[in-house]
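What's in entry38.csv: CSV, C-alpha atoms
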```
chain,number,residue,atom,x,y,z
A,352,MET,CA,-64.8,-42.5,52.7
A,353,SER,CA,-63.2,-39.1,53.1
A,354,GLN,CA,-61.3,-37.3,50.3
A,355,ARG,CA,-58.1,-37.7,52.4
A,356,ASP,CA,-58.6,-41.5,52.6
A,357,LEU,CA,-59.1,-41.7,48.9
A,358,ALA,CA,-56.0,-39.5,48.1
A,359,VAL,CA,-53.6,-41.3,50.4
A,360,GLY,CA,-50.1,-41.8,49.1
A,361,VAL,CA,-50.6,-40.7,45.5
A,362,VAL,CA,-52.4,-37.3,45.3
A,363,ASN,CA,-53.7,-34.8,47.9
A,364,GLN,CA,-57.1,-34.0,49.2
A,365,SER,CA,-57.7,-30.9,47.1
A,366,TYR,CA,-56.9,-32.8,44.0
A,367,ILE,CA,-59.7,-35.3,44.8
A,368,SER,CA,-62.0,-32.3,45.2
A,369,LEU,CA,-61.0,-31.0,41.7
A,370,LEU,CA,-61.7,-34.4,40.2
A,371,GLU,CA,-65.2,-34.5,41.8
A,372,SER,CA,-66.0,-31.1,40.4
A,373,GLY,CA,-64.7,-32.0,36.9
A,374,ALA,CA,-61.9,-29.4,37.1
A,375,ARG,CA,-59.2,-32.0,36.6
A,376,VAL,CA,-58.8,-35.0,34.3
A,377,PRO,CA,-56.9,-37.8,36.0
A,378,THR,CA,-53.9,-39.6,34.6
A,379,LEU,CA,-54.0,-43.3,34.1
A,380,ASP,CA,-51.8,-43.7,37.3
A,381,VAL,CA,-54.4,-41.8,39.3
A,382,VAL,CA,-57.3,-43.8,37.8
A,383,MET,CA,-55.6,-47.0,38.7
A,384,HIS,CA,-55.1,-45.8,42.3
A,385,LEU,CA,-58.7,-44.7,42.7
A,386,ALA,CA,-60.0,-47.9,41.3
A,387,GLU,CA,-57.9,-50.0,43.7
A,388,VAL,CA,-58.9,-47.9,46.8
A,389,LEU,CA,-62.6,-47.9,45.8
A,390,GLY,CA,-62.6,-51.6,44.9
A,391,VAL,CA,-64.1,-51.0,41.4
A,392,PRO,CA,-63.0,-51.8,37.8
A,393,MET,CA,-61.0,-49.1,36.1
A,394,GLN,CA,-63.7,-48.9,33.4
A,395,ALA,CA,-66.2,-47.7,36.0
A,396,LEU,CA,-64.1,-44.6,36.4
A,397,ALA,CA,-62.5,-44.2,33.0
A,398,THR,CA,-65.5,-44.6,30.6
A,399,ASP,CA,-69.1,-43.5,30.4
A,400,ALA,CA,-71.8,-45.9,31.5
A,401,GLU,CA,-72.6,-48.5,28.9
A,402,THR,CA,-75.9,-48.5,27.1
A,403,ASP,CA,-77.9,-51.5,26.1
A,404,ALA,CA,-77.7,-51.8,22.3
A,405,GLY,CA,-80.1,-54.7,22.2
A,406,PRO,CA,-79.4,-58.4,21.5
A,407,SER,CA,-79.2,-58.0,17.7
A,408,ALA,CA,-76.8,-55.0,17.7
A,409,GLU,CA,-73.5,-55.5,16.0
A,410,PRO,CA,-70.4,-54.7,18.1
A,411,ASP,CA,-69.0,-51.4,17.1
A,412,PRO,CA,-65.3,-50.8,16.3
A,413,GLU,CA,-64.7,-49.0,19.5
A,414,ALA,CA,-66.1,-51.9,21.5
A,415,ARG,CA,-63.8,-54.3,19.7
A,416,SER,CA,-60.9,-52.0,20.3
A,417,ALA,CA,-61.7,-51.9,24.0
A,418,GLU,CA,-61.9,-55.7,24.2
A,419,SER,CA,-58.6,-56.0,22.4
A,420,GLU,CA,-57.1,-53.4,24.8
A,421,LEU,CA,-58.5,-55.4,27.8
A,422,ALA,CA,-57.0,-58.6,26.5
A,423,ARG,CA,-53.6,-57.0,26.0
A,424,LYS,CA,-53.7,-55.6,29.6
A,425,LEU,CA,-54.6,-59.0,31.0
A,426,ILE,CA,-51.7,-60.7,29.0
A,427,THR,CA,-49.3,-58.0,30.3
A,428,SER,CA,-50.5,-58.3,33.8
A,429,SER,CA,-50.3,-62.1,33.7
A,430,ALA,CA,-46.7,-61.9,32.4
A,431,LEU,CA,-45.7,-59.5,35.2
A,432,ASP,CA,-47.3,-61.7,37.8
A,433,GLN,CA,-45.3,-64.7,36.5
A,434,GLY,CA,-42.1,-62.7,36.3
A,435,ASP,CA,-42.0,-62.9,32.5
A,436,LEU,CA,-40.7,-59.4,32.0
A,437,GLY,CA,-39.6,-60.0,28.5
A,438,ARG,CA,-43.2,-60.9,27.4
A,439,ALA,CA,-44.6,-58.0,29.3
A,440,GLU,CA,-42.1,-55.6,27.6
A,441,ARG,CA,-43.1,-56.9,24.2
A,442,GLU,CA,-46.8,-56.4,24.9
A,443,LEU,CA,-46.3,-52.9,26.3
A,444,THR,CA,-44.0,-51.9,23.4
A,445,GLU,CA,-46.5,-53.0,20.8
A,446,ALA,CA,-49.3,-51.2,22.6
A,447,TYR,CA,-47.2,-48.0,22.8
A,448,ARG,CA,-46.2,-48.2,19.1
A,449,ALA,CA,-49.8,-48.8,18.1
A,450,ALA,CA,-50.9,-45.7,20.0
A,451,ARG,CA,-48.2,-43.7,18.2
A,452,ARG,CA,-49.3,-45.0,14.8
A,453,GLU,CA,-52.9,-44.1,15.5
A,454,ASN,CA,-51.8,-40.7,16.8
A,455,ARG,CA,-53.7,-41.2,20.1
A,456,THR,CA,-51.8,-38.9,22.4
A,457,LEU,CA,-53.4,-39.9,25.7
A,458,ALA,CA,-52.8,-43.5,25.0
A,459,VAL,CA,-49.2,-42.8,23.9
A,460,VAL,CA,-48.5,-41.2,27.3
A,461,SER,CA,-50.3,-43.7,29.5
A,462,ARG,CA,-48.8,-46.7,27.6
A,463,GLY,CA,-45.4,-45.0,27.4
A,464,LEU,CA,-45.3,-44.4,31.2
A,465,ALA,CA,-46.3,-48.0,31.8
A,466,LEU,CA,-43.5,-49.2,29.5
A,467,GLU,CA,-41.0,-46.8,31.2
A,468,ARG,CA,-41.7,-48.4,34.6
A,469,LEU,CA,-41.1,-51.8,33.2
A,470,LEU,CA,-37.8,-50.7,31.6
A,471,GLU,CA,-36.7,-49.3,35.0
A,472,GLN,CA,-37.6,-52.6,36.6
A,473,ARG,CA,-35.5,-54.4,34.0
A,474,ASN,CA,-32.6,-51.9,34.6
A,475,ASP,CA,-32.5,-51.1,30.9
A,476,ARG,CA,-31.3,-47.5,31.4
A,477,ALA,CA,-30.5,-46.6,27.8
A,478,ALA,CA,-33.9,-47.8,26.4
A,479,ARG,CA,-35.7,-46.0,29.3
A,480,TYR,CA,-33.9,-42.7,28.6
A,481,ALA,CA,-34.7,-43.0,24.8
A,482,LEU,CA,-38.3,-43.7,25.5
A,483,LEU,CA,-38.8,-40.8,27.9
A,484,THR,CA,-37.0,-38.4,25.6
A,485,GLU,CA,-39.6,-39.3,23.0
A,486,LEU,CA,-42.5,-39.2,25.4
A,487,VAL,CA,-42.0,-35.7,26.9
A,488,ASP,CA,-43.4,-33.9,23.9
A,489,ALA,CA,-46.4,-36.2,23.8
A,490,ALA,CA,-47.0,-35.5,27.5
A,491,ALA,CA,-46.9,-31.7,26.9
A,492,ALA,CA,-49.4,-32.2,24.0
A,493,THR,CA,-52.0,-33.8,26.3
A,494,GLY,CA,-52.6,-30.5,28.2
A,495,VAL,CA,-52.6,-32.5,31.4
A,496,PRO,CA,-50.0,-30.9,33.7
A,497,GLU,CA,-49.8,-34.1,35.8
A,498,ALA,CA,-48.7,-36.1,32.7
A,499,LEU,CA,-46.0,-33.6,31.8
A,500,VAL,CA,-44.6,-33.4,35.4
A,501,ARG,CA,-44.7,-37.1,35.8
A,502,THR,CA,-42.8,-37.6,32.6
A,503,ARG,CA,-40.2,-34.9,33.4
A,504,ILE,CA,-39.5,-36.4,36.8
A,505,ALA,CA,-38.9,-39.8,35.2
A,506,LEU,CA,-36.8,-38.3,32.4
A,507,SER,CA,-34.6,-36.5,34.9
A,508,GLY,CA,-33.9,-39.8,36.7
A,509,ALA,CA,-33.2,-41.5,33.4
A,510,ALA,CA,-30.9,-38.7,32.2
A,511,ARG,CA,-29.0,-39.1,35.5
A,512,ASP,CA,-28.6,-42.8,35.0
A,513,VAL,CA,-27.0,-42.4,31.6
A,514,GLY,CA,-24.7,-39.6,32.7
A,515,ARG,CA,-26.5,-36.6,31.3
A,516,LEU,CA,-26.6,-34.5,34.4
A,517,ALA,CA,-27.1,-31.2,32.7
A,518,GLU,CA,-30.3,-32.5,31.0
A,519,ALA,CA,-31.4,-34.0,34.3
A,520,PHE,CA,-31.0,-30.6,36.0
A,521,THR,CA,-33.0,-28.9,33.2
A,522,GLN,CA,-35.9,-31.4,33.6
A,523,ILE,CA,-35.9,-31.0,37.4
A,524,GLU,CA,-36.1,-27.2,37.2
A,525,LEU,CA,-39.0,-27.4,34.8
A,526,ALA,CA,-40.9,-30.0,36.9
A,527,ASP,CA,-40.3,-27.9,40.0
A,528,GLN,CA,-41.9,-24.9,38.3
A,529,GLU,CA,-44.9,-26.9,36.9
A,530,ILE,CA,-45.7,-29.2,39.9
A,531,ALA,CA,-47.6,-26.4,41.7
A,532,GLN,CA,-50.3,-26.6,39.0
A,533,THR,CA,-50.9,-30.3,39.7
A,534,GLY,CA,-52.4,-32.6,42.2
A,535,PHE,CA,-48.9,-33.9,43.0
A,536,VAL,CA,-48.1,-31.1,45.5
A,537,GLY,CA,-47.2,-32.6,48.8
A,538,GLY,CA,-47.6,-36.2,47.6
A,539,ALA,CA,-45.5,-39.1,46.7
A,540,GLU,CA,-44.6,-37.7,43.3
A,541,HIS,CA,-43.4,-34.4,44.8
A,542,ILE,CA,-41.2,-36.4,47.2
A,543,ARG,CA,-39.9,-38.3,44.2
A,544,LEU,CA,-38.9,-35.0,42.5
A,545,TYR,CA,-36.9,-34.0,45.6
A,546,ALA,CA,-35.3,-37.5,45.6
A,547,VAL,CA,-34.2,-37.3,42.0
A,548,HIS,CA,-32.9,-33.7,42.5
A,549,ILE,CA,-30.8,-34.9,45.5
A,550,SER,CA,-29.4,-37.8,43.7
A,551,VAL,CA,-28.4,-35.7,40.7
A,552,LEU,CA,-26.7,-33.2,43.0
A,553,SER,CA,-24.9,-36.0,44.7
A,554,ASP,CA,-23.6,-37.5,41.4
A,555,ALA,CA,-22.5,-34.0,40.4
A,556,GLY,CA,-20.3,-33.7,43.5
A,557,GLY,CA,-22.7,-32.7,46.3
A,558,GLY,CA,-22.6,-29.3,48.0
A,559,ALA,CA,-24.4,-27.2,50.6
A,560,GLU,CA,-27.7,-27.4,48.7
A,561,VAL,CA,-28.0,-31.2,49.4
A,562,PRO,CA,-28.8,-31.1,53.1
A,563,ARG,CA,-31.4,-28.3,52.6
A,564,ILE,CA,-33.3,-30.3,50.0
A,565,VAL,CA,-32.9,-33.5,52.1
A,566,ASP,CA,-34.6,-31.7,55.0
A,567,ARG,CA,-37.5,-30.5,52.8
A,568,MET,CA,-38.0,-34.0,51.4
A,569,LEU,CA,-38.0,-35.7,54.8
A,570,ALA,CA,-40.5,-33.1,56.2
A,571,MET,CA,-42.9,-33.8,53.4
A,572,ALA,CA,-42.5,-37.6,53.8
A,573,ASP,CA,-43.2,-37.3,57.5
A,574,LYS,CA,-46.5,-35.5,56.8
A,575,LEU,CA,-47.6,-38.3,54.6
A,576,ASP,CA,-46.6,-40.8,57.3
A,577,ILE,CA,-46.6,-43.9,54.9
A,578,PRO,CA,-43.7,-46.3,55.9
A,579,SER,CA,-42.7,-47.2,52.3
A,580,ILE,CA,-42.5,-43.6,51.2
A,581,CYS,CA,-40.7,-42.5,54.4
A,582,GLY,CA,-38.3,-45.4,54.0
A,583,ARG,CA,-37.4,-44.4,50.5
A,584,ALA,CA,-36.9,-40.8,51.7
A,585,HIS,CA,-34.5,-41.9,54.4
A,586,TRP,CA,-32.8,-44.2,51.8
A,587,VAL,CA,-32.1,-41.2,49.5
A,588,ALA,CA,-31.1,-39.0,52.4
A,589,SER,CA,-28.6,-41.6,53.7
A,590,ILE,CA,-26.8,-42.0,50.3
A,591,ALA,CA,-26.7,-38.3,49.6
A,592,LEU,CA,-25.3,-37.4,53.0
A,593,ALA,CA,-22.7,-40.1,52.9
A,594,ARG,CA,-21.5,-38.8,49.5
A,595,ASN,CA,-21.6,-35.3,51.0
A,596,GLY,CA,-19.2,-36.4,53.7
A,597,GLU,CA,-21.7,-36.4,56.6
A,598,VAL,CA,-21.1,-40.0,57.5
A,599,GLN,CA,-22.7,-40.0,61.0
A,600,ARG,CA,-26.0,-38.5,59.8
A,601,SER,CA,-25.9,-40.9,56.9
A,602,LEU,CA,-25.7,-43.9,59.2
A,603,GLU,CA,-28.7,-42.6,61.2
A,604,HIS,CA,-30.8,-42.4,58.0
A,605,LEU,CA,-29.6,-45.8,56.8
A,606,ARG,CA,-30.8,-47.4,60.0
A,607,ALA,CA,-34.2,-45.6,59.7
A,608,ALA,CA,-34.5,-46.7,56.0
A,609,ARG,CA,-33.6,-50.3,56.9
A,610,GLU,CA,-36.4,-50.4,59.6
A,611,MET,CA,-39.0,-49.0,57.2
A,612,LEU,CA,-38.0,-51.0,54.1
A,613,ALA,CA,-37.6,-54.3,56.0
A,614,ASN,CA,-41.3,-55.3,55.4
A,615,PRO,CA,-43.1,-57.6,52.9
A,616,ALA,CA,-44.2,-54.6,50.8
A,617,THR,CA,-40.6,-53.9,49.8
A,618,SER,CA,-39.7,-55.9,46.7
A,619,LEU,CA,-36.5,-57.9,46.7
A,620,ARG,CA,-35.2,-55.8,43.8
A,621,ASP,CA,-35.7,-52.6,45.7
A,622,TRP,CA,-34.0,-54.1,48.7
A,623,ALA,CA,-31.0,-55.1,46.6
A,624,ARG,CA,-30.8,-51.6,45.1
A,625,PHE,CA,-30.9,-50.1,48.6
A,626,ALA,CA,-28.2,-52.3,50.0
A,627,ALA,CA,-25.9,-51.8,46.9
A,628,ALA,CA,-26.5,-48.0,46.9
A,629,ALA,CA,-25.8,-47.9,50.7
A,630,ALA,CA,-22.5,-49.8,50.3
A,631,SER,CA,-21.5,-47.6,47.4
A,632,ALA,CA,-22.2,-44.4,49.3
A,633,LEU,CA,-20.3,-45.5,52.4
A,634,MET,CA,-17.3,-46.4,50.2
A,635,ASP,CA,-17.5,-43.0,48.6
A,636,ALA,CA,-17.5,-41.4,52.1
A,637,GLU,CA,-14.7,-43.7,53.3
A,638,ALA,CA,-16.8,-44.8,56.2
A,639,GLY,CA,-15.6,-47.4,58.7
A,640,LEU,CA,-15.0,-50.9,57.2
A,641,PRO,CA,-17.5,-52.7,59.5
A,642,GLU,CA,-20.4,-50.5,58.3
A,643,ILE,CA,-19.3,-50.9,54.6
A,644,THR,CA,-18.9,-54.7,55.0
A,645,SER,CA,-22.3,-55.1,56.7
A,646,HIS,CA,-24.0,-53.4,53.7
A,647,MET,CA,-21.8,-55.1,51.2
A,648,LEU,CA,-22.8,-58.5,52.5
A,649,ALA,CA,-26.5,-57.6,52.3
A,650,ALA,CA,-26.0,-56.2,48.8
A,651,ARG,CA,-24.4,-59.5,47.6
A,652,ALA,CA,-27.2,-61.6,49.0
A,653,ALA,CA,-30.0,-59.4,47.7
A,654,MET,CA,-28.4,-59.0,44.2
A,655,ALA,CA,-27.9,-62.7,43.9
A,656,ALA,CA,-31.6,-63.3,44.6
A,657,ALA,CA,-32.9,-60.3,42.5
A,658,LYS,CA,-30.9,-60.8,39.3
A,659,SER,CA,-32.4,-57.8,37.5
A,660,ALA,CA,-31.3,-55.3,40.3
A,661,ALA,CA,-27.9,-54.8,38.7
A,662,SER,CA,-25.9,-55.9,35.6
A,663,PRO,CA,-23.0,-58.3,36.1
A,664,SER,CA,-20.6,-55.4,35.3
A,665,ALA,CA,-22.2,-53.1,37.9
A,666,ALA,CA,-22.0,-55.8,40.5
A,667,ALA,CA,-18.4,-56.5,39.7
A,668,SER,CA,-17.6,-52.8,39.8
A,669,LEU,CA,-18.9,-52.7,43.3
A,670,GLU,CA,-16.7,-55.6,44.2
A,671,VAL,CA,-13.7,-53.8,42.8
A,672,ARG,CA,-14.4,-50.8,45.0
A,673,TYR,CA,-14.9,-53.1,48.0
A,674,ALA,CA,-11.6,-54.9,47.5
A,675,LEU,CA,-9.9,-51.5,47.4
A,676,ALA,CA,-11.7,-50.5,50.6
A,677,THR,CA,-10.5,-53.6,52.4
A,678,GLY,CA,-6.9,-52.8,51.4
A,679,ASP,CA,-6.5,-55.4,48.6
A,680,PRO,CA,-5.6,-53.4,45.5
A,681,GLU,CA,-4.3,-56.5,43.7
A,682,ARG,CA,-7.6,-58.2,44.1
A,683,ALA,CA,-9.4,-55.1,42.9
A,684,LEU,CA,-7.4,-55.1,39.7
A,685,GLU,CA,-8.1,-58.8,39.2
A,686,ILE,CA,-11.8,-58.3,39.5
A,687,ALA,CA,-11.7,-55.3,37.2
A,688,THR,CA,-10.7,-57.5,34.3
A,689,SER,CA,-14.2,-59.0,34.3
A,690,VAL,CA,-15.9,-55.7,34.0
A,691,ASP,CA,-17.3,-54.6,30.6
A,692,GLU,CA,-16.8,-50.9,31.0
A,693,THR,CA,-19.2,-50.0,28.2
A,694,ASP,CA,-22.0,-51.6,30.3
A,695,LEU,CA,-21.5,-48.9,33.0
A,696,LEU,CA,-23.2,-45.6,32.5
A,697,GLY,CA,-22.7,-42.1,33.9
A,698,ILE,CA,-21.3,-41.7,37.3
A,699,GLU,CA,-21.2,-45.5,37.7
A,700,ARG,CA,-18.4,-45.6,35.1
A,701,VAL,CA,-16.6,-42.7,36.7
A,702,ARG,CA,-16.5,-44.6,40.1
A,703,PHE,CA,-15.2,-47.7,38.4
A,704,VAL,CA,-12.4,-46.0,36.5
A,705,LEU,CA,-11.5,-44.0,39.6
A,706,ALA,CA,-11.2,-47.2,41.7
A,707,VAL,CA,-9.0,-48.8,39.1
A,708,GLY,CA,-6.7,-45.8,39.1
A,709,ARG,CA,-6.5,-45.8,42.8
A,710,ALA,CA,-5.7,-49.5,42.9
A,711,GLN,CA,-3.0,-49.1,40.3
A,712,ARG,CA,-1.5,-46.3,42.3
A,713,ARG,CA,-1.4,-48.5,45.5
A,714,CYS,CA,0.3,-51.2,43.5
A,715,GLY,CA,3.0,-48.8,42.5
A,716,ARG,CA,1.9,-48.6,38.8
A,717,VAL,CA,2.0,-44.8,38.9
A,718,GLU,CA,2.0,-44.1,35.2
A,719,GLU,CA,-1.1,-46.3,34.6
A,720,ALA,CA,-2.7,-44.8,37.6
A,721,VAL,CA,-2.4,-41.3,36.3
A,722,GLY,CA,-3.9,-42.4,33.0
A,723,SER,CA,-6.9,-44.0,34.7
A,724,LEU,CA,-7.4,-41.0,37.0
A,725,ARG,CA,-7.2,-38.6,34.1
A,726,ARG,CA,-9.8,-40.7,32.2
A,727,ALA,CA,-12.1,-40.7,35.3
A,728,ALA,CA,-11.9,-36.9,35.5
A,729,GLN,CA,-12.7,-36.6,31.8
A,730,LEU,CA,-15.7,-38.9,32.1
A,731,ALA,CA,-16.9,-36.8,35.1
A,732,GLU,CA,-16.6,-33.6,33.0
A,733,ALA,CA,-18.5,-35.2,30.1
A,734,ALA,CA,-21.3,-36.0,32.5
A,735,ALA,CA,-21.3,-32.4,33.8
A,736,ALA,CA,-20.1,-33.6,37.2
A,737,TYR,CA,-17.6,-30.7,37.4
A,738,GLN,CA,-17.1,-30.7,41.2
A,739,ARG,CA,-16.4,-34.4,41.1
A,740,ALA,CA,-14.0,-33.9,38.2
A,741,SER,CA,-12.2,-31.1,40.1
A,742,GLN,CA,-11.7,-33.5,43.0
A,743,ILE,CA,-10.2,-36.1,40.7
A,744,TRP,CA,-7.8,-33.6,39.0
A,745,ARG,CA,-6.5,-32.7,42.5
A,746,GLU,CA,-5.9,-36.4,43.2
A,747,ILE,CA,-4.0,-36.6,39.9
A,748,ASN,CA,-1.7,-33.8,41.0
A,749,ASP,CA,-1.0,-35.6,44.3
A,750,ALA,CA,-0.3,-38.8,42.4
A,751,GLY,CA,2.1,-37.1,40.0
```
Show the structure stored in the file as structure tokens.
Amino acid sequence: MSQRDLAVGVVNQSYISLLESGARVPTLDVVMHLAEVLGVPMQALATDAETDAGPSAEPDPEARSAESELARKLITSSALDQGDLGRAERELTEAYRAARRENRTLAVVSRGLALERLLEQRNDRAARYALLTELVDAAAATGVPEALVRTRIALSGAARDVGRLAEAFTQIELADQEIAQTGFVGGAEHIRLYAVHISVLSDAGGGAEVPRIVDRMLAMADKLDIPSICGRAHWVASIALARNGEVQRSLEHLRAAREMLANPATSLRDWARFAAAAASALMDAEAGLPEITSHMLAARAAMAAAKSAASPSAAASLEVRYALATGDPERALEIATSVDETDLLGIERVRFVLAVGRAQRRCGRVEEAVGSLRRAAQLAEAAAAYQRASQIWREINDAG
């Protein structure tokens, strides 16, 4: 097997060479990938060869700890396989807390990142952000640049999701500076960094920088030539370009993303997120109703099947915006009464309040509309989405 074959999709060929020479210590994510590709247990790569202590030797504390750790991993893995995310979260949370109590930095980071991925899967944005905020210092203490960059990229996405765009930009800038010292260069994690940067820029209001970063991300994804990664890159590109007003280019990338993601390897949850994000972006861009409706119908079906893809309030908020897009502001306001606004975070909340204001305006409730639009602008400013806030303030002037 070549170094390129072993690296595919996660790290690059030069990083494998550094591992072989002992110049790099792999993160848990990388060890898991290598073990899967090589078809060997993780322990064969992550621990020294075992020695025969003889039949009468008492098991040492480290052996008992390893056995306990293996049992916990098996329980967690089984819970995930069965879809019991609550049990898996409890097991991972206890493992993470135990590592912190014992001051085992490497275990803190590896377990914390595993828990972070589960929280993302459960759509628990606030808990994920709190965890990663705590985890970034531990990642820095490991001295492993991959651990720190991986944590920064996750934290930038989590900060975006809770409406802390200024913090998201800070983490993106730091990760961009540090990634050159890692084995992530040119790989899937590098593409993920571009994707988060693009999404944060889009939430902030877009701009001329978005298409340039989109082009760099797509070129890097094309070099990897892995359908799932390329599909996600086109997904991010389509949504960013729609929100940047480039509807035709957005539709081209949406079609490419659909073709690449419509395979058994794409989870139902990811498909639901893609369909909902596409419908949302097309509504932001005021695209044609047939295109919006096509993606809205797909989003409804996928979200109904993958219940963890969006909260009830997030799904209802999307319906409010769709009713408005179809020219039914009364229906939009009726649906809005079922939305718990506190359940919406960041730019999601801005979009909902903005849609309510626009619906009120179309129903002739001008005073209420101005109040809602003003609140939407203030929420955008609080999230550091100043360009978006400026657009809303201009809309308020027109309404007045």
CA of Leu466 (chain A) to CA of Tyr480 (chain A) measures 11.6 Å
Find the residues near Glu746 (chain A): any atom within 10 Å, counting all atoms listed in the file, skip ones fewer than 4 places away on the same chain, and give them as a ChimeraX atom specification.
/A:709,721,724-725,728,740-742,750-751
Worksheet entry | Non-local contacts of region 659-674 of chain A (6 Å; only C-alpha atoms; under 2 positions in same chain excluded) as a PyMOL selection string | chain A and resi 473+620+657+676-677+679+683+686+690-691+703+706
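Going from CA of Ala489 (chain A) to CA of Arg452 (chain A) covers 12.9 Å.
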What lies within 8 Å of region 551-557 of chain A using all atoms listed in the file, ignoring chain neighbours under 5 positions off, as a PDB file with C-alpha atoms, in the coordinates of the input?
```
ATOM      1  CA  GLY A 508     -33.900 -39.800  36.700  1.00  0.00           C
ATOM      2  CA  ARG A 511     -29.000 -39.100  35.500  1.00  0.00           C
ATOM      3  CA  LEU A 516     -26.600 -34.500  34.400  1.00  0.00           C
ATOM      4  CA  ALA A 519     -31.400 -34.000  34.300  1.00  0.00           C
ATOM      5  CA  PHE A 520     -31.000 -30.600  36.000  1.00  0.00           C
ATOM      6  CA  ALA A 591     -26.700 -38.300  49.600  1.00  0.00           C
ATOM      7  CA  ARG A 594     -21.500 -38.800  49.500  1.00  0.00           C
ATOM      8  CA  ASN A 595     -21.600 -35.300  51.000  1.00  0.00           C
ATOM      9  CA  ILE A 698     -21.300 -41.700  37.300  1.00  0.00           C
ATOM     10  CA  ALA A 735     -21.300 -32.400  33.800  1.00  0.00           C
ATOM     11  CA  ALA A 736     -20.100 -33.600  37.200  1.00  0.00           C
ATOM     12  CA  TYR A 737     -17.600 -30.700  37.400  1.00  0.00           C
ATOM     13  CA  GLN A 738     -17.100 -30.700  41.200  1.00  0.00           C
ATOM     14  CA  ARG A 739     -16.400 -34.400  41.100  1.00  0.00           C
TER      15      ARG A 739
END
```
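Closest approach to Leu592 (chain A) among A:Ala450, A:Ala636, A:Ile523, A:Ala478 is made by A:Ala636 (distances from only C-alpha atoms).
The space between CA of Leu357 (chain A) and CA of His585 (chain A) spans 25.2 Å.
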Restricting to only C-alpha atoms, whichever of A:Leu612, A:Ala490, A:Ile504, A:Ala652 is closest to Arg455 (chain A) is A:Ala490
